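Source file: structure.csv; contents: CSV, C-alpha atoms.
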```
chain,number,residue,atom,x,y,z
S,6,MET,CA,0.0,0.0,0.0
S,7,GLU,CA,3.0,2.3,0.3
S,8,ASN,CA,3.3,2.5,-3.5
S,9,LEU,CA,-0.3,3.8,-4.0
S,10,PRO,CA,0.7,7.4,-4.4
S,11,LYS,CA,3.4,6.4,-6.8
S,12,VAL,CA,0.8,4.7,-9.0
S,13,GLY,CA,-1.1,7.9,-9.5
S,14,ARG,CA,2.1,9.8,-10.3
S,15,ALA,CA,3.2,7.1,-12.7
S,16,ILE,CA,-0.2,7.2,-14.5
S,17,LEU,CA,-0.1,11.0,-14.7
S,18,GLN,CA,3.5,10.9,-16.1
S,19,SER,CA,2.5,8.3,-18.6
S,20,LEU,CA,-0.5,10.3,-19.8
S,21,LEU,CA,1.7,13.5,-20.1
S,22,LYS,CA,4.3,11.6,-22.2
S,23,ILE,CA,1.7,10.2,-24.5
S,24,LEU,CA,0.1,13.6,-25.0
S,25,TYR,CA,3.6,15.1,-25.6
S,26,PHE,CA,4.3,12.3,-28.2
S,27,VAL,CA,1.0,12.8,-30.0
S,28,PHE,CA,0.7,16.6,-29.9
S,29,VAL,CA,4.1,18.2,-29.4
S,30,TRP,CA,6.6,15.8,-30.9
S,31,PRO,CA,5.8,16.5,-34.6
S,32,PHE,CA,6.3,20.2,-34.1
S,33,THR,CA,9.6,19.4,-32.3
S,34,VAL,CA,10.7,17.4,-35.3
S,35,TRP,CA,9.9,20.3,-37.6
S,36,LEU,CA,11.8,22.8,-35.4
S,37,LYS,CA,14.8,20.5,-35.4
S,38,ALA,CA,14.6,20.3,-39.2
S,39,VAL,CA,14.5,24.1,-39.4
S,40,GLY,CA,17.6,24.3,-37.2
S,41,ASN,CA,19.4,21.6,-39.4
S,42,VAL,CA,18.7,23.5,-42.6
S,43,ALA,CA,19.8,26.8,-41.1
S,44,ASP,CA,23.0,25.1,-39.7
S,45,CYS,CA,23.7,23.5,-43.1
S,46,SER,CA,23.8,26.9,-44.8
S,47,ASP,CA,25.8,28.5,-41.9
S,48,ASN,CA,28.4,25.7,-41.7
S,49,LYS,CA,28.5,25.3,-45.5
S,50,SER,CA,28.7,21.6,-45.0
S,51,LEU,CA,27.6,20.9,-48.6
S,52,GLU,CA,30.7,22.5,-50.1
S,53,LEU,CA,33.1,20.0,-51.5
S,54,SER,CA,36.1,21.9,-50.1
S,55,LYS,CA,34.7,21.2,-46.6
S,56,ILE,CA,34.6,17.4,-47.1
S,57,HIS,CA,37.8,15.7,-46.0
S,58,SER,CA,37.0,12.1,-46.3
S,59,ARG,CA,38.3,9.2,-48.4
S,60,TYR,CA,35.2,9.2,-50.5
S,61,PRO,CA,34.2,12.9,-51.0
S,62,LEU,CA,31.4,12.2,-53.5
S,63,LEU,CA,29.7,9.6,-51.3
S,64,THR,CA,30.0,11.9,-48.3
S,65,PHE,CA,28.5,14.8,-50.3
S,66,PHE,CA,25.5,12.6,-51.4
S,67,LYS,CA,25.0,11.4,-47.9
S,68,ARG,CA,25.0,14.9,-46.5
S,69,PHE,CA,22.8,16.2,-49.3
S,70,PHE,CA,20.2,13.5,-49.2
S,71,MET,CA,20.2,12.4,-45.6
S,72,GLU,CA,20.8,15.7,-43.9
S,73,PHE,CA,19.7,18.5,-46.2
S,74,LEU,CA,17.0,17.2,-48.6
S,75,PHE,CA,14.9,15.4,-46.0
S,76,ASP,CA,15.1,18.3,-43.6
S,77,ALA,CA,14.2,20.8,-46.4
S,78,VAL,CA,11.1,18.7,-47.3
S,79,VAL,CA,10.1,18.8,-43.6
S,80,VAL,CA,10.6,22.5,-43.4
S,81,LEU,CA,8.6,23.2,-46.5
S,82,ILE,CA,5.7,20.8,-45.7
S,83,TYR,CA,4.0,23.0,-43.1
S,84,PRO,CA,3.6,26.1,-45.3
S,85,ILE,CA,2.7,24.0,-48.3
S,86,GLY,CA,0.3,21.9,-46.3
S,87,VAL,CA,-1.6,24.9,-44.9
S,88,ILE,CA,-1.9,26.3,-48.4
S,89,VAL,CA,-3.2,23.0,-49.8
S,90,ALA,CA,-5.6,22.6,-46.9
S,91,PHE,CA,-7.2,26.0,-47.6
S,92,TYR,CA,-7.2,25.3,-51.3
S,93,LEU,CA,-9.1,22.0,-50.6
S,94,PHE,CA,-11.5,23.9,-48.3
S,95,PHE,CA,-12.4,26.5,-50.9
S,96,ILE,CA,-12.7,23.9,-53.7
S,97,THR,CA,-15.2,21.8,-51.7
S,98,VAL,CA,-17.1,24.5,-49.8
S,99,GLY,CA,-19.5,24.9,-52.7
S,100,ASP,CA,-20.6,21.3,-52.5
S,101,SER,CA,-20.9,20.9,-48.7
S,102,PHE,CA,-19.7,23.1,-45.9
S,103,GLU,CA,-19.5,20.2,-43.5
S,104,TYR,CA,-17.5,18.1,-45.9
S,105,ALA,CA,-15.2,21.0,-46.6
S,106,VAL,CA,-14.5,21.5,-42.9
S,107,LYS,CA,-13.8,17.8,-42.4
S,108,GLU,CA,-11.4,17.8,-45.4
S,109,TRP,CA,-9.7,20.9,-44.2
S,110,PHE,CA,-9.2,19.4,-40.8
S,111,VAL,CA,-7.9,16.1,-42.2
S,112,ALA,CA,-5.5,18.0,-44.4
S,113,LEU,CA,-4.1,20.0,-41.5
S,114,VAL,CA,-3.7,17.0,-39.2
S,115,SER,CA,-2.0,14.9,-41.9
S,116,THR,CA,0.3,17.9,-42.7
S,117,TYR,CA,1.1,18.2,-39.0
S,118,TYR,CA,2.2,14.6,-38.7
S,119,PHE,CA,4.0,14.5,-42.1
S,120,ALA,CA,7.2,15.6,-40.4
S,121,VAL,CA,7.2,12.4,-38.4
S,122,TYR,CA,6.5,10.3,-41.5
S,123,VAL,CA,9.5,11.9,-43.3
S,124,ALA,CA,11.7,11.4,-40.2
S,125,ILE,CA,10.8,7.7,-40.0
S,126,PHE,CA,11.4,7.3,-43.8
S,127,ARG,CA,14.8,9.0,-43.5
S,128,ASP,CA,15.8,6.6,-40.7
S,129,LEU,CA,14.6,3.6,-42.7
S,130,VAL,CA,16.6,4.7,-45.7
S,131,GLN,CA,19.6,5.2,-43.5
S,132,LEU,CA,19.2,1.7,-41.9
S,133,ILE,CA,18.6,-0.1,-45.2
S,134,ILE,CA,20.9,1.7,-47.6
S,135,VAL,CA,23.5,4.0,-46.0
S,136,LEU,CA,24.6,2.0,-43.0
S,137,PRO,CA,25.4,-1.2,-45.0
S,138,LEU,CA,27.3,0.9,-47.6
S,139,VAL,CA,29.3,2.6,-44.8
S,140,LYS,CA,30.0,-0.8,-43.3
S,141,PHE,CA,31.2,-2.1,-46.6
S,142,LEU,CA,33.4,0.9,-47.2
S,143,SER,CA,35.0,0.5,-43.7
S,144,TRP,CA,35.5,-3.2,-44.5
S,145,LEU,CA,37.3,-2.2,-47.8
S,146,ASN,CA,39.6,0.2,-45.8
S,147,ARG,CA,41.0,-2.5,-43.5
S,148,PRO,CA,44.2,-4.1,-44.4
S,149,ALA,CA,44.1,-7.8,-44.9
S,150,GLN,CA,46.1,-8.7,-41.8
S,151,TYR,CA,43.4,-7.3,-39.6
S,152,LEU,CA,40.6,-9.3,-41.2
S,153,GLU,CA,39.4,-12.3,-39.3
S,154,LEU,CA,40.3,-14.9,-41.8
S,155,ASP,CA,40.5,-18.5,-40.8
S,156,ASN,CA,43.0,-20.0,-43.2
S,157,LYS,CA,44.3,-23.0,-41.2
S,158,VAL,CA,45.3,-26.1,-43.2
S,159,ILE,CA,44.5,-29.3,-41.4
S,160,LYS,CA,46.3,-32.4,-42.5
S,161,LYS,CA,44.2,-35.5,-42.6
S,162,GLU,CA,45.9,-38.6,-41.3
S,163,ASP,CA,45.3,-41.6,-43.4
```
Output the file's structure in the form of structure tokens.
Amino acid sequence: MENLPKVGRAILQSLLKILYFVFVWPFTVWLKAVGNVADCSDNKSLELSKIHSRYPLLTFFKRFFMEFLFDAVVVLIYPIGVIVAFYLFFITVGDSFEYAVKEWFVALVSTYYFAVYVAIFRDLVQLIIVLPLVKFLSWLNRPAQYLELDNKVIKKED
């Protein structure tokens, strides 16, 4: 019975975390994308002269697609989504006001959560394409004496 006050506090914290995840997290993802795009132009990380790796073209493509392009799409999706939502509202308001309001609301909600969808897609692309390629390139960079090869010859006795 001494844990009874902790149960109420745990339920409250759980509800607050769920509400944060549902309502605040997409906007936080969007704000982070805005910061990443601004930092990319400030740091000039897409200039080839700033890339000092063994594979500069692959590094440029990774930075462009994985860091800049996905974040730029996330940054632009909120203004474009609001414009599209109002466009859909004005197109359908002549048919039915109730249907127009529902369509406008669905368009705004889907635009709000689109930042999360793009972030998930970016992470999946990184897991499926980029990380295996990086692992393969790191495997190519190792000298042969550090590879774990098992070249033991075992003589069979007749």
Counting all atoms listed in the file, the residue of S:Leu53, S:Leu62, S:Val135, S:Trp35 that sits nearest Ile82 (chain S):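 Using all atoms listed in the file, the shortest distance to Ile82 (chain S) belongs to S:Trp35.
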CA of Val106 (chain S) and CA of Phe91 (chain S) are how many Å apart?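 Distance between the two atoms: 9.8 Å.
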For a test of reading the model, state the distance in Å between CA of Ser46 (chain S) and CA of Glu72 (chain S), rounded to one decimal. 11.6 Å
In Å, how far is it from CA of Val87 (chain S) to CA of Met71 (chain S)?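 Going from CA of Val87 (chain S) over to CA of Met71 (chain S) covers 25.1 Å.
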Using all atoms listed in the file, which of S:Leu81, S:Val39, S:Ile96, S:Ile133 sits nearest Phe119 (chain S)?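 Of S:Leu81, S:Val39, S:Ile96, S:Ile133, the one nearest Phe119 (chain S), counting all atoms listed in the file, is S:Leu81.
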Non-local contacts of Leu113 (chain S) (9 Å; only C-alpha atoms; under 4 positions in same chain excluded) as a list in words: Tyr83, Gly86, Val87, Val89, Ala90, Glu108, Trp109, Tyr117 and Tyr118 of chain S
Selection file, C-alpha atoms, as a compact mmCIF listing (two decimals), keeping the file's coordinate frame:
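Contents of part.txt, as written:
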```txt
# COMPACT_ATOMS: atom_id res chain seq x y z
CA TYR S 83 4.00 23.00 -43.10
CA GLY S 86 0.30 21.90 -46.30
CA VAL S 87 -1.60 24.90 -44.90
CA VAL S 89 -3.20 23.00 -49.80
CA ALA S 90 -5.60 22.60 -46.90
CA GLU S 108 -11.40 17.80 -45.40
CA TRP S 109 -9.70 20.90 -44.20
CA TYR S 117 1.10 18.20 -39.00
CA TYR S 118 2.20 14.60 -38.70
```
